[in-house]
$ cat protein19.pdb   # PDB, C-alpha atoms, pLDDT in the B column
MODEL        1
ATOM      1  CA  MET F 172     -43.380 -24.728 135.448  1.00 67.00           C
ATOM      2  CA  LYS F 173     -40.720 -27.117 136.746  1.00 80.00           C
ATOM      3  CA  GLU F 174     -41.678 -30.801 136.673  1.00 80.00           C
ATOM      4  CA  LYS F 175     -40.906 -33.126 139.548  1.00 83.00           C
ATOM      5  CA  TYR F 176     -40.762 -36.299 137.433  1.00 78.00           C
ATOM      6  CA  ILE F 177     -40.077 -37.216 133.819  1.00 72.00           C
ATOM      7  CA  VAL F 178     -40.630 -40.612 132.236  1.00 72.00           C
ATOM      8  CA  GLY F 179     -38.451 -41.771 129.371  1.00 66.00           C
ATOM      9  CA  THR F 180     -38.363 -45.129 127.644  1.00 64.00           C
ATOM     10  CA  GLY F 181     -36.071 -46.857 125.235  1.00 64.00           C
ATOM     11  CA  GLY F 182     -33.855 -49.098 127.321  1.00 63.00           C
ATOM     12  CA  ALA F 183     -30.079 -48.998 127.577  1.00 63.00           C
ATOM     13  CA  ARG F 184     -29.686 -46.878 124.439  1.00 67.00           C
ATOM     14  CA  SER F 185     -32.562 -44.513 125.204  1.00 74.00           C
ATOM     15  CA  SER F 186     -32.410 -41.259 123.243  1.00 79.00           C
ATOM     16  CA  VAL F 187     -34.388 -39.605 126.074  1.00 77.00           C
ATOM     17  CA  ARG F 188     -31.762 -40.632 128.640  1.00 77.00           C
ATOM     18  CA  ARG F 189     -28.905 -39.567 126.351  1.00 79.00           C
ATOM     19  CA  ASN F 190     -30.473 -36.151 125.526  1.00 82.00           C
ATOM     20  CA  LEU F 191     -30.944 -35.454 129.240  1.00 80.00           C
ATOM     21  CA  SER F 192     -27.313 -36.490 129.911  1.00 84.00           C
ATOM     22  CA  ILE F 193     -28.382 -39.195 132.355  1.00 79.00           C
ATOM     23  CA  GLU F 194     -25.682 -41.815 132.841  1.00 80.00           C
ATOM     24  CA  LEU F 195     -26.589 -45.467 132.214  1.00 74.00           C
ATOM     25  CA  LYS F 196     -26.191 -47.466 135.410  1.00 75.00           C
ATOM     26  CA  GLY F 197     -25.874 -51.198 134.882  1.00 71.00           C
ATOM     27  CA  ASP F 198     -25.260 -53.298 131.810  1.00 67.00           C
ATOM     28  CA  SER F 199     -26.901 -53.472 128.417  1.00 66.00           C
ATOM     29  CA  ALA F 200     -27.843 -56.873 127.003  1.00 69.00           C
ATOM     30  CA  ASN F 201     -25.652 -58.528 124.414  1.00 77.00           C
ATOM     31  CA  LYS F 202     -28.456 -60.619 122.886  1.00 80.00           C
ATOM     32  CA  ALA F 203     -30.763 -59.821 120.021  1.00 80.00           C
ATOM     33  CA  TRP F 204     -34.456 -60.687 120.322  1.00 83.00           C
ATOM     34  CA  GLY F 205     -37.127 -60.708 117.648  1.00 85.00           C
ATOM     35  CA  VAL F 206     -40.788 -59.987 118.385  1.00 88.00           C
ATOM     36  CA  MET F 207     -43.825 -61.369 116.559  1.00 90.00           C
ATOM     37  CA  TYR F 208     -47.489 -60.800 117.238  1.00 90.00           C
ATOM     38  CA  LEU F 209     -49.507 -63.799 116.099  1.00 90.00           C
ATOM     39  CA  LEU F 210     -53.201 -64.597 115.866  1.00 89.00           C
ATOM     40  CA  LEU F 211     -53.129 -68.326 116.574  1.00 85.00           C
ATOM     41  CA  VAL F 212     -55.384 -71.306 116.220  1.00 84.00           C
ATOM     42  CA  THR F 213     -53.528 -73.998 118.154  1.00 85.00           C
ATOM     43  CA  ASP F 214     -53.871 -76.882 120.579  1.00 86.00           C
ATOM     44  CA  PHE F 215     -50.691 -75.886 122.476  1.00 81.00           C
ATOM     45  CA  PRO F 216     -51.907 -76.375 126.077  1.00 81.00           C
ATOM     46  CA  ASP F 217     -50.314 -73.273 127.630  1.00 80.00           C
ATOM     47  CA  ILE F 218     -50.892 -70.689 124.872  1.00 84.00           C
ATOM     48  CA  ARG F 219     -53.133 -68.615 127.212  1.00 85.00           C
ATOM     49  CA  VAL F 220     -50.420 -68.556 129.928  1.00 89.00           C
ATOM     50  CA  LYS F 221     -47.124 -66.670 129.832  1.00 92.00           C
ATOM     51  CA  SER F 222     -44.537 -69.315 128.917  1.00 90.00           C
ATOM     52  CA  PHE F 223     -40.767 -69.512 128.579  1.00 91.00           C
ATOM     53  CA  ILE F 224     -39.478 -72.283 126.324  1.00 89.00           C
ATOM     54  CA  GLN F 225     -35.746 -72.906 126.238  1.00 92.00           C
ATOM     55  CA  SER F 226     -33.631 -75.155 124.059  1.00 89.00           C
ATOM     56  CA  LYS F 227     -29.951 -75.744 124.763  1.00 87.00           C
ATOM     57  CA  GLU F 228     -29.171 -75.796 121.033  1.00 85.00           C
ATOM     58  CA  CYS F 229     -31.610 -73.179 119.676  1.00 83.00           C
ATOM     59  CA  GLY F 230     -32.126 -70.523 122.364  1.00 86.00           C
ATOM     60  CA  ALA F 231     -35.386 -69.393 123.917  1.00 91.00           C
ATOM     61  CA  VAL F 232     -38.912 -68.247 123.109  1.00 92.00           C
ATOM     62  CA  THR F 233     -41.184 -66.351 125.483  1.00 93.00           C
ATOM     63  CA  THR F 234     -44.918 -66.335 124.782  1.00 92.00           C
ATOM     64  CA  ILE F 235     -47.140 -63.625 126.241  1.00 93.00           C
ATOM     65  CA  PRO F 236     -50.893 -63.910 125.657  1.00 92.00           C
ATOM     66  CA  HIS F 237     -53.033 -60.820 125.133  1.00 89.00           C
ATOM     67  CA  GLU F 238     -56.482 -60.373 126.585  1.00 82.00           C
ATOM     68  CA  GLY F 239     -59.332 -61.814 124.525  1.00 76.00           C
ATOM     69  CA  GLY F 240     -59.011 -64.038 121.465  1.00 67.00           C
ATOM     70  CA  TYR F 241     -55.811 -65.789 120.539  1.00 75.00           C
ATOM     71  CA  LEU F 242     -53.377 -62.878 119.995  1.00 90.00           C
ATOM     72  CA  VAL F 243     -49.978 -63.845 121.423  1.00 92.00           C
ATOM     73  CA  SER F 244     -46.605 -62.068 121.458  1.00 93.00           C
ATOM     74  CA  PHE F 245     -43.596 -64.270 120.764  1.00 92.00           C
ATOM     75  CA  TYR F 246     -40.160 -63.024 121.848  1.00 92.00           C
ATOM     76  CA  ILE F 247     -37.523 -65.118 120.055  1.00 91.00           C
ATOM     77  CA  GLU F 248     -33.868 -65.200 121.055  1.00 88.00           C
ATOM     78  CA  LEU F 249     -31.901 -64.565 117.862  1.00 83.00           C
ATOM     79  CA  GLY F 250     -28.329 -64.829 119.110  1.00 79.00           C
ATOM     80  CA  LEU F 251     -25.414 -62.947 120.585  1.00 79.00           C
ATOM     81  CA  LEU F 252     -24.267 -59.517 119.516  1.00 76.00           C
ATOM     82  CA  SER F 253     -20.603 -58.599 119.361  1.00 74.00           C
ATOM     83  CA  LYS F 254     -19.409 -55.988 121.865  1.00 70.00           C
ATOM     84  CA  ASP F 255     -19.899 -53.019 119.494  1.00 70.00           C
ATOM     85  CA  GLN F 256     -22.880 -54.390 117.555  1.00 71.00           C
ATOM     86  CA  ARG F 257     -26.350 -52.927 118.133  1.00 67.00           C
ATOM     87  CA  ALA F 258     -29.653 -54.598 117.377  1.00 65.00           C
ATOM     88  CA  GLY F 259     -32.004 -52.746 115.077  1.00 63.00           C
ATOM     89  CA  TYR F 260     -34.638 -53.233 112.451  1.00 51.00           C
ATOM     90  CA  GLN F 261     -32.323 -55.096 110.125  1.00 52.00           C
ATOM     91  CA  THR F 262     -30.906 -58.517 109.425  1.00 51.00           C
ATOM     92  CA  LEU F 263     -28.013 -59.116 111.809  1.00 47.00           C
ATOM     93  CA  PRO F 264     -25.149 -61.608 111.417  1.00 52.00           C
ATOM     94  CA  LEU F 265     -25.376 -63.307 114.791  1.00 48.00           C
ATOM     95  CA  LYS F 266     -23.202 -65.834 116.594  1.00 50.00           C
ATOM     96  CA  MET F 267     -25.195 -68.925 117.581  1.00 47.00           C
TER      97      MET F 267
ENDMDL
END
$ encode --input "protein19.pdb" --output "structure tokens"
Amino acid sequence: MKEKYIVGTGGARSSVRRNLSIELKGDSANKAWGVMYLLLVTDFPDIRVKSFIQSKECGAVTTIPHEGGYLVSFYIELGLLSKDQRAGYQTLPLKM
């Protein structure tokens, strides 16, 4: 059976895209982001609303609430990657 569509995920360095020899169109990001899932007890007024907090000196944090309770995803900007550096599950020396 020949499929009409295939769905692959993984972003700019997707192994699915690479194994199917599909060319990347566009740019990949040169920033590293960390992700935390937190169960919070807080009085922060907008914790139940998607928020983007940016600091000129320290980068950005995006908060994304999950349905029910106080589970929130935090996406934290960690810094810039060099041209050939790739983010991964490791400690990265980043330029701030």
$ residues_around --input "protein19.pdb" --residues "range 232-248 of chain F" --least-positions-apart "6" --cutoff "8 Å" --atoms "all atoms listed in the file" --output "ChimeraX atom specification"
/F:202-212,218-225
$ atom_distance --input "protein19.pdb" --atom1 "CA of Glu194 in chain F" --atom2 "CA of Tyr176 in chain F"
16.7 Å
$ atom_distance --input "protein19.pdb" --atom1 "CA of Glu228 in chain F" --atom2 "CA of Leu251 in chain F"
13.4 Å
$ atom_distance --input "protein19.pdb" --atom1 "CA of Asn190 in chain F" --atom2 "CA of Ile177 in chain F"
12.7 Å
$ closest_residue --input "protein19.pdb" --among "F:Asn201, F:Asp214, F:Lys227, F:Lys175" --to "Gly250 in chain F" --atoms "only C-alpha atoms"
F:Asn201
